[in-house]
Amino acid sequence: MVRVRIAPSPTGIPHIGNTRTAFFNYLFAKHTEGKFIVRIEDTDQGRIVPGAKKAIFEILNWLGISWDEEYVQSERKNIYKEHAEDLIRKKMAYKDEGAVRFKVSTNREVSWVDAIGNKKVSFKADVIEDFVILKSDGFPTYHLASVVDDHLMNISHVIRGDEWISSTPKHILLYDAFGWDKPIFAHLSVILGTDKTKLSKRHGAKSVLDLKNDGYLKEALLNFMGLLGWNPGGDKEIMNIKEMIKLFDLKDVNAASPIFDIKKLDWMNGEYLRIMNNENLKTLLSKFYDQDKNILSYLKSDPKTLDFILDLAKTRMKTLKEFKDLILPKVPKLSGEEKNIAETLFEKFSTIKIWNKMTILSAMKGVLNTQKTKGSILYKITTGFEKGLPLPESLEILGKEKTLERIKKVL
RNA sequence: GGCCCUAUCGUCUAGUGGUCCAGGACGUCACCUUCUCAAGGUGAAGAUCAGGGGUUCAAAUCCCCUUGGGGCUACCA
């Protein structure tokens, strides 16, 4: 029975790197019909960030990465203490200024076969110092706590970030000291920022919550994250979570560190936006803009019209955030020449008897011909943006009166 | 510095000894479409597979060295 876990520490809001680790664990668990456990590792009381724990769960919930069991290490303090004392009794650990250190027996080699890349990794024990397992404040270090918990929780595969690879020998030493079976270790490469250093908040790495607020869809994020360092072979790139679960295998996970390039996420997000049906998109938009009265009321306009707008908007947005500029006009600053064009446009529009996209378009074309300009100027005049939803269609919906009002404002 | 991981187009990657003078995707560029911008379609540029040695009839694929990148080196995780 496969049992995997993620062990986030509530010291910050997860970014795409941490979250990918969670996702791979999840994919692996689902693929093997095993269990996925979340264990909050809050053993460093000093570094706890208020709200971080909540954010961790918020992200998992948003993405739909569901878990089967949940633990908090600070509630298990005594368990670790007992295990530390057990090692002291066995003379495998000793007290040192209020802390407890594990005694590392030198002259041995510690090794394991890592599931990522299926390669043997080995360390000589003499490069490992006697390390602290219980701090003087009574809390365990990660090393003790994770080993004890992984054993007690029957974790079969420890799938974690690459930054743990040099701590793994310590963990193996602990498993051996307790006489426990070891799990399979799989060390995922860390995701790098565009500056090629480990993704972290200091380098401006966005948290997943930021990405959510930027208008990325969970489906796109999941798909993108999944493909960072994992490839099931073949050319298929757009995959839903079910397909990923079906295909996921640790042997197809790369050992090299990928760089997070948001451009591809942008594209993928656009793809998901385009294939989404309007009903879902509407729901998503209302959630996303739940603080924006203008958008909210816009979304409540005649369903048929809205449907039509949504179809036009879909191909023009990469994120939900971009919807706003597509439908809400702003007052442009026009040059003298542009004002002349605006005037001509006003006149042409005024004479239209039957206001529809055909007549609007021919009026627009008339202006473009006589004034010899590009269409973008007409967009600037009527919407404040030099690009946007097709004017004939959107102005028809707006209506003649309102259109003329708008143009009048800028004259 | 020490230890460990790692190395294919700018980026994500396919590739596990011959079918690869290296395929796909993003991005970029061009053209088509066109009221703008997208989307869509077509096409192009882009990697002497980090460099150097081996092994082999044959290497992006195996081995070694060098170099680059990354991680760890806390009573942080």
# chains A, B, ... in the order shown; residues from 1 in each chain; ligands from 1
>>> residues_around(residues="Val127 of chain A", least_positions_apart="5", cutoff="12 Å", atoms="only C-alpha atoms (C1' of nucleotides)", output="ChimeraX atom specification")
/A:104-110,122,166-167,169-170 /B:2-4,72-73
>>> write_last_selection(atoms="N, CA and C atoms (P, O5', C5', C4', C3', O3' and C1' of nucleotides)", output="CSV table (one decimal), in the first residue's frame")
chain,number,residue,atom,x,y,z
A,104,VAL,N,26.9,9.9,15.4
A,104,VAL,CA,27.1,9.4,14.1
A,104,VAL,C,28.3,8.4,14.2
A,105,SER,N,28.1,7.2,13.9
A,105,SER,CA,29.3,6.3,13.8
A,105,SER,C,30.0,6.5,12.5
A,106,THR,N,31.2,6.9,12.6
A,106,THR,CA,31.9,7.2,11.3
A,106,THR,C,32.2,5.9,10.5
A,107,ASN,N,33.3,5.7,10.0
A,107,ASN,CA,33.6,4.6,9.2
A,107,ASN,C,32.5,3.7,8.6
A,108,ARG,N,31.5,4.3,8.1
A,108,ARG,CA,30.5,3.5,7.3
A,108,ARG,C,30.0,4.4,6.2
A,109,GLU,N,29.5,3.7,5.2
A,109,GLU,CA,28.9,4.4,4.1
A,109,GLU,C,27.4,4.4,4.1
A,110,VAL,N,26.8,5.5,3.8
A,110,VAL,CA,25.3,5.5,3.9
A,110,VAL,C,24.9,5.7,2.4
A,122,SER,N,25.4,7.9,-2.5
A,122,SER,CA,26.1,7.5,-1.2
A,122,SER,C,26.9,8.6,-0.6
A,166,SER,N,21.0,15.9,0.9
A,166,SER,CA,22.2,15.7,1.7
A,166,SER,C,21.8,15.5,3.2
A,167,SER,N,20.5,15.6,3.5
A,167,SER,CA,20.1,15.2,4.9
A,167,SER,C,19.7,13.8,5.0
A,169,PRO,N,21.2,10.9,4.4
A,169,PRO,CA,22.0,10.0,5.2
A,169,PRO,C,21.7,10.1,6.7
A,170,LYS,N,21.4,11.3,7.2
A,170,LYS,CA,21.1,11.4,8.6
A,170,LYS,C,19.8,10.6,8.9
B,2,G,P,37.2,21.7,-2.3
B,2,G,O5',36.4,21.0,-1.1
B,2,G,C5',37.0,20.3,-0.1
B,2,G,C4',36.0,19.7,0.8
B,2,G,C3',35.0,18.8,0.1
B,2,G,O3',35.4,17.5,0.0
B,2,G,C1',33.9,20.3,1.6
B,3,C,P,35.0,16.7,-1.3
B,3,C,O5',33.5,16.3,-1.0
B,3,C,C5',33.2,15.4,0.0
B,3,C,C4',31.7,15.4,0.3
B,3,C,C3',30.9,15.1,-0.9
B,3,C,O3',30.8,13.7,-1.2
B,3,C,C1',30.0,16.9,0.2
B,4,C,P,30.7,13.2,-2.7
B,4,C,O5',29.2,13.6,-3.0
B,4,C,C5',28.1,12.9,-2.4
B,4,C,C4',26.8,13.6,-2.7
B,4,C,C3',26.4,13.7,-4.2
B,4,C,O3',25.8,12.5,-4.6
B,4,C,C1',26.1,15.7,-3.1
B,72,C,P,19.7,24.8,0.0
B,72,C,O5',20.6,23.8,0.9
B,72,C,C5',20.0,22.6,1.4
B,72,C,C4',21.1,21.7,1.9
B,72,C,C3',22.0,22.4,3.0
B,72,C,O3',21.4,22.3,4.3
B,72,C,C1',23.3,21.2,1.4
B,73,U,P,21.8,23.4,5.4
B,73,U,O5',23.4,23.1,5.6
B,73,U,C5',23.8,21.9,6.3
B,73,U,C4',25.3,21.9,6.3
B,73,U,C3',26.0,23.1,6.9
B,73,U,O3',26.1,23.0,8.3
B,73,U,C1',27.0,22.5,4.8
>>> select_by_dssp(residues="segment 57-105 of chain A", states="strand (DSSP E or B)", output="ChimeraX atom specification")
/A:69-72,93-96,99-102
>>> write_last_selection(atoms="N, CA and C atoms", output="tab-separated table (two decimals), in the first residue's frame")
chain	number	residue	atom	x	y	z
A	69	GLU	N	-5.27	12.09	5.17
A	69	GLU	CA	-5.01	12.22	6.61
A	69	GLU	C	-4.24	13.51	6.84
A	70	GLU	N	-4.37	14.01	8.05
A	70	GLU	CA	-3.74	15.29	8.35
A	70	GLU	C	-3.14	15.27	9.74
A	71	TYR	N	-1.92	15.74	9.87
A	71	TYR	CA	-1.26	15.76	11.19
A	71	TYR	C	-0.54	17.09	11.40
A	72	VAL	N	-0.35	17.40	12.67
A	72	VAL	CA	0.41	18.60	13.01
A	72	VAL	C	1.48	18.18	14.01
A	93	ALA	N	22.60	8.41	21.26
A	93	ALA	CA	22.43	9.86	21.26
A	93	ALA	C	22.86	10.36	22.63
A	94	TYR	N	23.18	11.62	22.71
A	94	TYR	CA	23.64	12.17	24.00
A	94	TYR	C	23.20	13.62	24.15
A	95	LYS	N	23.15	14.04	25.39
A	95	LYS	CA	22.75	15.41	25.66
A	95	LYS	C	23.92	16.36	25.44
A	96	ASP	N	23.58	17.51	24.95
A	96	ASP	CA	24.63	18.49	24.67
A	96	ASP	C	24.02	19.88	24.82
A	99	ALA	N	20.32	20.23	24.36
A	99	ALA	CA	19.80	19.56	23.17
A	99	ALA	C	20.22	18.10	23.18
A	100	VAL	N	19.66	17.35	22.27
A	100	VAL	CA	20.10	15.97	22.14
A	100	VAL	C	20.69	15.77	20.76
A	101	ARG	N	21.89	15.22	20.74
A	101	ARG	CA	22.55	14.97	19.47
A	101	ARG	C	22.61	13.48	19.17
A	102	PHE	N	22.48	13.17	17.92
A	102	PHE	CA	22.62	11.78	17.50
A	102	PHE	C	24.10	11.50	17.26
>>> closest_residue(among="A:Ile16, A:Leu152, A:Ile407, A:Ile360", to="chain B", atoms="only C-alpha atoms (C1' of nucleotides)")
A:Ile360
>>> interface_residues(of="chain A", to="chain B", cutoff="6 Å", atoms="only C-alpha atoms (C1' of nucleotides)", output="list in words")
Lys135, Glu163, Ser166, Asp235, Ala256, Lys264, Thr315, Arg316, Gly375, Ser376, Lys387 and Gly388 of chain A
>>> closest_residue(among="B:G10, B:A44, B:U55, B:G17", to="A30 of chain B", atoms="only C-alpha atoms (C1' of nucleotides)")
B:A44
>>> select_by_dssp(residues="segment 14-143 of chain A", states="alpha helix (DSSP H)", output="PyMOL selection string")
chain A and resi 16-31+52-63+77-89+142-143
>>> write_last_selection(atoms="N, CA and C atoms", output="compact mmCIF listing (two decimals), in the first residue's frame")
# COMPACT_ATOMS: atom_id res chain seq x y z
N ILE A 16 5.13 27.75 -6.53
CA ILE A 16 4.90 26.68 -7.47
C ILE A 16 5.84 25.49 -7.24
N GLY A 17 6.98 25.75 -6.62
CA GLY A 17 7.93 24.67 -6.32
C GLY A 17 7.40 23.72 -5.26
N ASN A 18 7.03 24.28 -4.13
CA ASN A 18 6.48 23.45 -3.05
C ASN A 18 5.23 22.74 -3.51
N THR A 19 4.44 23.47 -4.24
CA THR A 19 3.15 22.95 -4.64
C THR A 19 3.30 21.81 -5.65
N ARG A 20 4.31 21.92 -6.47
CA ARG A 20 4.56 20.83 -7.42
C ARG A 20 4.91 19.55 -6.66
N THR A 21 5.70 19.69 -5.60
CA THR A 21 6.04 18.52 -4.79
C THR A 21 4.76 17.89 -4.24
N ALA A 22 3.86 18.73 -3.76
CA ALA A 22 2.59 18.22 -3.25
C ALA A 22 1.83 17.51 -4.38
N PHE A 23 1.83 18.12 -5.52
CA PHE A 23 1.09 17.58 -6.66
C PHE A 23 1.64 16.22 -7.11
N PHE A 24 2.95 16.12 -7.18
CA PHE A 24 3.55 14.85 -7.59
C PHE A 24 3.23 13.74 -6.57
N ASN A 25 3.26 14.12 -5.29
CA ASN A 25 2.88 13.15 -4.27
C ASN A 25 1.44 12.70 -4.48
N TYR A 26 0.62 13.67 -4.76
CA TYR A 26 -0.80 13.40 -4.98
C TYR A 26 -1.00 12.50 -6.19
N LEU A 27 -0.34 12.87 -7.28
CA LEU A 27 -0.46 12.07 -8.51
C LEU A 27 -0.02 10.63 -8.28
N PHE A 28 1.07 10.52 -7.56
CA PHE A 28 1.60 9.18 -7.28
C PHE A 28 0.61 8.37 -6.43
N ALA A 29 0.09 9.02 -5.41
CA ALA A 29 -0.88 8.36 -4.54
C ALA A 29 -2.11 7.92 -5.33
N LYS A 30 -2.62 8.81 -6.14
CA LYS A 30 -3.82 8.49 -6.90
C LYS A 30 -3.55 7.40 -7.93
N HIS A 31 -2.41 7.51 -8.56
CA HIS A 31 -2.06 6.53 -9.58
C HIS A 31 -1.98 5.12 -8.98
N ALA A 52 0.17 31.18 7.40
CA ALA A 52 0.81 30.31 6.41
C ALA A 52 0.12 28.95 6.34
N LYS A 53 -0.21 28.43 7.51
CA LYS A 53 -0.85 27.12 7.54
C LYS A 53 -2.19 27.17 6.80
N LYS A 54 -2.91 28.22 7.05
CA LYS A 54 -4.19 28.40 6.39
C LYS A 54 -4.01 28.47 4.87
N ALA A 55 -2.97 29.20 4.47
CA ALA A 55 -2.70 29.36 3.04
C ALA A 55 -2.35 28.03 2.39
N ILE A 56 -1.62 27.21 3.12
CA ILE A 56 -1.25 25.90 2.58
C ILE A 56 -2.51 25.10 2.23
N PHE A 57 -3.44 25.08 3.16
CA PHE A 57 -4.67 24.32 2.93
C PHE A 57 -5.56 24.99 1.88
N GLU A 58 -5.51 26.30 1.89
CA GLU A 58 -6.31 27.03 0.90
C GLU A 58 -5.86 26.67 -0.52
N ILE A 59 -4.55 26.60 -0.67
CA ILE A 59 -4.00 26.27 -1.99
C ILE A 59 -4.37 24.85 -2.40
N LEU A 60 -4.20 23.92 -1.47
CA LEU A 60 -4.54 22.53 -1.78
C LEU A 60 -6.01 22.40 -2.14
N ASN A 61 -6.83 23.09 -1.38
CA ASN A 61 -8.27 23.05 -1.65
C ASN A 61 -8.61 23.65 -3.00
N TRP A 62 -8.00 24.79 -3.26
CA TRP A 62 -8.28 25.45 -4.53
C TRP A 62 -7.92 24.55 -5.72
N LEU A 63 -6.75 23.93 -5.61
CA LEU A 63 -6.29 23.11 -6.71
C LEU A 63 -7.00 21.75 -6.77
N LYS A 77 4.62 16.39 20.08
CA LYS A 77 5.89 16.67 20.71
C LYS A 77 6.42 15.52 21.57
N ASN A 78 5.54 14.96 22.36
CA ASN A 78 5.98 13.91 23.29
C ASN A 78 6.51 12.67 22.59
N ILE A 79 5.89 12.38 21.46
CA ILE A 79 6.33 11.20 20.72
C ILE A 79 7.80 11.32 20.34
N TYR A 80 8.16 12.49 19.86
CA TYR A 80 9.55 12.68 19.43
C TYR A 80 10.49 12.63 20.62
N LYS A 81 10.02 13.21 21.71
CA LYS A 81 10.85 13.25 22.91
C LYS A 81 11.14 11.83 23.40
N GLU A 82 10.11 11.01 23.40
CA GLU A 82 10.29 9.62 23.82
C GLU A 82 11.29 8.90 22.94
N HIS A 83 11.20 9.17 21.67
CA HIS A 83 12.12 8.50 20.75
C HIS A 83 13.55 8.99 20.95
N ALA A 84 13.70 10.25 21.26
CA ALA A 84 15.03 10.78 21.53
C ALA A 84 15.60 10.12 22.78
N GLU A 85 14.74 10.00 23.78
CA GLU A 85 15.20 9.39 25.03
C GLU A 85 15.56 7.92 24.82
N ASP A 86 14.81 7.29 23.99
CA ASP A 86 15.10 5.90 23.66
C ASP A 86 16.51 5.77 23.09
N LEU A 87 16.86 6.71 22.22
CA LEU A 87 18.19 6.66 21.62
C LEU A 87 19.27 6.97 22.65
N ILE A 88 18.95 7.85 23.60
CA ILE A 88 19.92 8.14 24.66
C ILE A 88 20.18 6.87 25.48
N ARG A 89 19.08 6.20 25.79
CA ARG A 89 19.21 4.95 26.55
C ARG A 89 20.07 3.94 25.81
N TYR A 142 13.76 18.63 12.21
CA TYR A 142 13.10 17.98 11.08
C TYR A 142 13.53 16.51 11.00
N HIS A 143 14.84 16.31 11.19
CA HIS A 143 15.39 14.97 11.00
C HIS A 143 14.70 13.92 11.87
>>> atom_distance(atom1="atom CA of Thr373 of chain A", atom2="atom CA of Lys339 of chain A")
12.8 Å
>>> atom_distance(atom1="atom CA of Phe123 of chain A", atom2="atom CA of Ile172 of chain A")
10.9 Å
>>> closest_atom_pairs(of="segment 255-283 of chain A", to="segment 299-305 of chain A", cutoff="10 Å", atoms="only C-alpha atoms", output="Markdown table")
| residue | atom | partner | partner_atom | distance |
| --- | --- | --- | --- | --- |
| A:Asn278 | CA | A:Pro303 | CA | 9.9 |
| A:Glu279 | CA | A:Pro303 | CA | 9.7 |
| A:Lys282 | CA | A:Leu299 | CA | 7.1 |
| A:Thr283 | CA | A:Leu299 | CA | 9.3 |
>>> write_last_selection(atoms="C-alpha atoms", output="PDB file, in the first residue's frame")
ATOM      1  CA  ASN A 278     -19.408  29.945 -20.979  1.00  0.00           C
ATOM      2  CA  GLU A 279     -21.386  28.766 -18.020  1.00  0.00           C
ATOM      3  CA  LYS A 282     -19.230  33.022 -15.986  1.00  0.00           C
ATOM      4  CA  THR A 283     -19.050  31.353 -12.596  1.00  0.00           C
TER       5      THR A 283
END
>>> residues_around(residues="segment 342-348 of chain A", least_positions_apart="3", cutoff="8 Å", atoms="only C-alpha atoms (C1' of nucleotides)", output="list of chain:residue names")
A:Glu338, A:Lys339, A:Thr351, A:Ile352, A:Ala363, A:Met364, A:Val367, A:Leu378, A:Ile381, A:Leu404, A:Ile407, A:Lys408, A:Val410, A:Leu411
>>> residues_around(residues="U66 of chain B", least_positions_apart="6", cutoff="12 Å", atoms="only C-alpha atoms (C1' of nucleotides)", output="list in words")
A50, G51, G52 and G53 of chain B
>>> write_last_selection(atoms="C-alpha atoms (C1' of nucleotides)", output="PDB file, in the first residue's frame")
ATOM      1  C1'   A B  50      28.460  21.979 -22.198  1.00  0.00           C
ATOM      2  C1'   G B  51      33.924  20.804 -23.543  1.00  0.00           C
ATOM      3  C1'   G B  52      37.644  17.008 -23.849  1.00  0.00           C
ATOM      4  C1'   G B  53      39.075  12.069 -23.648  1.00  0.00           C
TER       5        G B  53
END
>>> closest_residue(among="A:Phe288, A:Tyr175, A:Phe185, A:Phe260", to="Tyr216 of chain A", atoms="only C-alpha atoms")
A:Phe288
>>> atom_distance(atom1="atom C1' of U16 of chain B", atom2="atom CA of Trp112 of chain A")
21.9 Å
>>> decode(residues="segment 235-347 of chain A", atoms="C-alpha atoms", output="mmCIF file, in the first residue's frame")
data_model
loop_
_atom_site.group_PDB
_atom_site.id
_atom_site.type_symbol
_atom_site.label_atom_id
_atom_site.label_comp_id
_atom_site.auth_asym_id
_atom_site.auth_seq_id
_atom_site.Cartn_x
_atom_site.Cartn_y
_atom_site.Cartn_z
ATOM 1 C CA ASP A 235 3.788 14.998 -27.553
ATOM 2 C CA LYS A 236 0.581 15.490 -25.647
ATOM 3 C CA GLU A 237 0.782 18.542 -23.431
ATOM 4 C CA ILE A 238 -2.727 19.543 -22.566
ATOM 5 C CA MET A 239 -3.777 16.997 -20.008
ATOM 6 C CA ASN A 240 -6.425 17.065 -17.349
ATOM 7 C CA ILE A 241 -5.816 15.750 -13.903
ATOM 8 C CA LYS A 242 -7.351 12.388 -14.637
ATOM 9 C CA GLU A 243 -5.042 11.796 -17.537
ATOM 10 C CA MET A 244 -2.076 12.840 -15.464
ATOM 11 C CA ILE A 245 -3.043 10.471 -12.680
ATOM 12 C CA LYS A 246 -3.348 7.667 -15.165
ATOM 13 C CA LEU A 247 0.056 8.333 -16.683
ATOM 14 C CA PHE A 248 2.095 9.378 -13.689
ATOM 15 C CA ASP A 249 5.193 7.411 -12.857
ATOM 16 C CA LEU A 250 8.228 8.374 -10.822
ATOM 17 C CA LYS A 251 10.511 6.905 -13.439
ATOM 18 C CA ASP A 252 9.429 9.595 -15.864
ATOM 19 C CA VAL A 253 10.417 12.400 -13.536
ATOM 20 C CA ASN A 254 13.571 14.244 -14.553
ATOM 21 C CA ALA A 255 16.482 14.718 -12.244
ATOM 22 C CA ALA A 256 17.511 18.090 -13.637
ATOM 23 C CA SER A 257 16.173 21.325 -12.257
ATOM 24 C CA PRO A 258 13.694 23.061 -14.535
ATOM 25 C CA ILE A 259 13.316 26.800 -14.776
ATOM 26 C CA PHE A 260 9.886 28.260 -14.192
ATOM 27 C CA ASP A 261 8.955 30.321 -17.237
ATOM 28 C CA ILE A 262 5.601 31.966 -16.860
ATOM 29 C CA LYS A 263 5.175 32.497 -20.606
ATOM 30 C CA LYS A 264 4.188 28.920 -21.167
ATOM 31 C CA LEU A 265 1.787 29.055 -18.265
ATOM 32 C CA ASP A 266 0.211 32.095 -19.905
ATOM 33 C CA TRP A 267 -0.306 30.162 -23.093
ATOM 34 C CA MET A 268 -1.681 27.152 -21.315
ATOM 35 C CA ASN A 269 -4.037 29.286 -19.287
ATOM 36 C CA GLY A 270 -5.335 30.776 -22.509
ATOM 37 C CA GLU A 271 -5.875 27.301 -23.883
ATOM 38 C CA TYR A 272 -7.966 26.323 -20.885
ATOM 39 C CA LEU A 273 -9.911 29.550 -21.107
ATOM 40 C CA ARG A 274 -10.713 28.872 -24.754
ATOM 41 C CA ILE A 275 -11.983 25.357 -24.239
ATOM 42 C CA MET A 276 -14.070 26.297 -21.232
ATOM 43 C CA ASN A 277 -17.810 26.587 -21.675
ATOM 44 C CA ASN A 278 -19.408 29.945 -20.979
ATOM 45 C CA GLU A 279 -21.386 28.766 -18.020
ATOM 46 C CA ASN A 280 -18.233 27.775 -16.166
ATOM 47 C CA LEU A 281 -16.432 30.863 -17.307
ATOM 48 C CA LYS A 282 -19.230 33.022 -15.986
ATOM 49 C CA THR A 283 -19.050 31.353 -12.596
ATOM 50 C CA LEU A 284 -15.321 31.732 -12.533
ATOM 51 C CA LEU A 285 -15.463 35.386 -13.478
ATOM 52 C CA SER A 286 -18.041 36.202 -10.845
ATOM 53 C CA LYS A 287 -15.855 34.585 -8.238
ATOM 54 C CA PHE A 288 -12.765 36.317 -9.486
ATOM 55 C CA TYR A 289 -14.399 39.725 -9.618
ATOM 56 C CA ASP A 290 -16.496 39.337 -6.497
ATOM 57 C CA GLN A 291 -15.311 42.723 -5.287
ATOM 58 C CA ASP A 292 -15.881 44.550 -8.533
ATOM 59 C CA LYS A 293 -19.397 45.904 -8.812
ATOM 60 C CA ASN A 294 -19.061 46.971 -12.420
ATOM 61 C CA ILE A 295 -17.987 43.579 -13.636
ATOM 62 C CA LEU A 296 -20.487 41.837 -11.448
ATOM 63 C CA SER A 297 -23.402 43.758 -12.877
ATOM 64 C CA TYR A 298 -21.983 43.282 -16.350
ATOM 65 C CA LEU A 299 -22.013 39.546 -15.781
ATOM 66 C CA LYS A 300 -25.668 39.754 -14.919
ATOM 67 C CA SER A 301 -26.647 41.270 -18.231
ATOM 68 C CA ASP A 302 -28.775 39.410 -20.740
ATOM 69 C CA PRO A 303 -27.391 35.849 -20.916
ATOM 70 C CA LYS A 304 -27.503 35.671 -24.676
ATOM 71 C CA THR A 305 -25.568 38.882 -25.074
ATOM 72 C CA LEU A 306 -23.123 37.876 -22.405
ATOM 73 C CA ASP A 307 -22.590 34.551 -24.095
ATOM 74 C CA PHE A 308 -21.762 36.340 -27.270
ATOM 75 C CA ILE A 309 -19.288 38.650 -25.512
ATOM 76 C CA LEU A 310 -17.683 35.756 -23.695
ATOM 77 C CA ASP A 311 -17.055 33.988 -26.973
ATOM 78 C CA LEU A 312 -15.338 37.071 -28.293
ATOM 79 C CA ALA A 313 -13.391 37.581 -25.078
ATOM 80 C CA LYS A 314 -12.171 34.026 -24.660
ATOM 81 C CA THR A 315 -9.611 34.138 -27.408
ATOM 82 C CA ARG A 316 -8.346 37.477 -26.206
ATOM 83 C CA MET A 317 -7.476 36.765 -22.623
ATOM 84 C CA LYS A 318 -4.672 34.836 -21.082
ATOM 85 C CA THR A 319 -5.876 35.315 -17.538
ATOM 86 C CA LEU A 320 -9.141 36.205 -15.858
ATOM 87 C CA LYS A 321 -7.537 39.460 -14.871
ATOM 88 C CA GLU A 322 -7.475 40.549 -18.488
ATOM 89 C CA PHE A 323 -11.236 40.318 -18.829
ATOM 90 C CA LYS A 324 -11.709 43.671 -17.188
ATOM 91 C CA ASP A 325 -9.865 45.712 -19.783
ATOM 92 C CA LEU A 326 -11.744 43.906 -22.501
ATOM 93 C CA ILE A 327 -15.171 45.020 -21.395
ATOM 94 C CA LEU A 328 -14.721 48.152 -19.298
ATOM 95 C CA PRO A 329 -13.820 51.230 -21.310
ATOM 96 C CA LYS A 330 -11.708 54.095 -20.089
ATOM 97 C CA VAL A 331 -11.618 57.678 -21.309
ATOM 98 C CA PRO A 332 -8.756 58.115 -23.749
ATOM 99 C CA LYS A 333 -6.461 61.062 -24.191
ATOM 100 C CA LEU A 334 -6.665 62.056 -27.826
ATOM 101 C CA SER A 335 -4.387 64.201 -29.937
ATOM 102 C CA GLY A 336 -5.855 66.929 -32.143
ATOM 103 C CA GLU A 337 -5.729 64.748 -35.182
ATOM 104 C CA GLU A 338 -7.357 61.926 -33.328
ATOM 105 C CA LYS A 339 -10.122 64.226 -32.243
ATOM 106 C CA ASN A 340 -10.796 65.044 -35.859
ATOM 107 C CA ILE A 341 -11.181 61.391 -36.588
ATOM 108 C CA ALA A 342 -13.439 61.037 -33.589
ATOM 109 C CA GLU A 343 -15.597 63.814 -34.965
ATOM 110 C CA THR A 344 -15.891 62.159 -38.326
ATOM 111 C CA LEU A 345 -16.748 58.904 -36.634
ATOM 112 C CA PHE A 346 -19.406 60.641 -34.584
ATOM 113 C CA GLU A 347 -20.973 62.106 -37.699
#
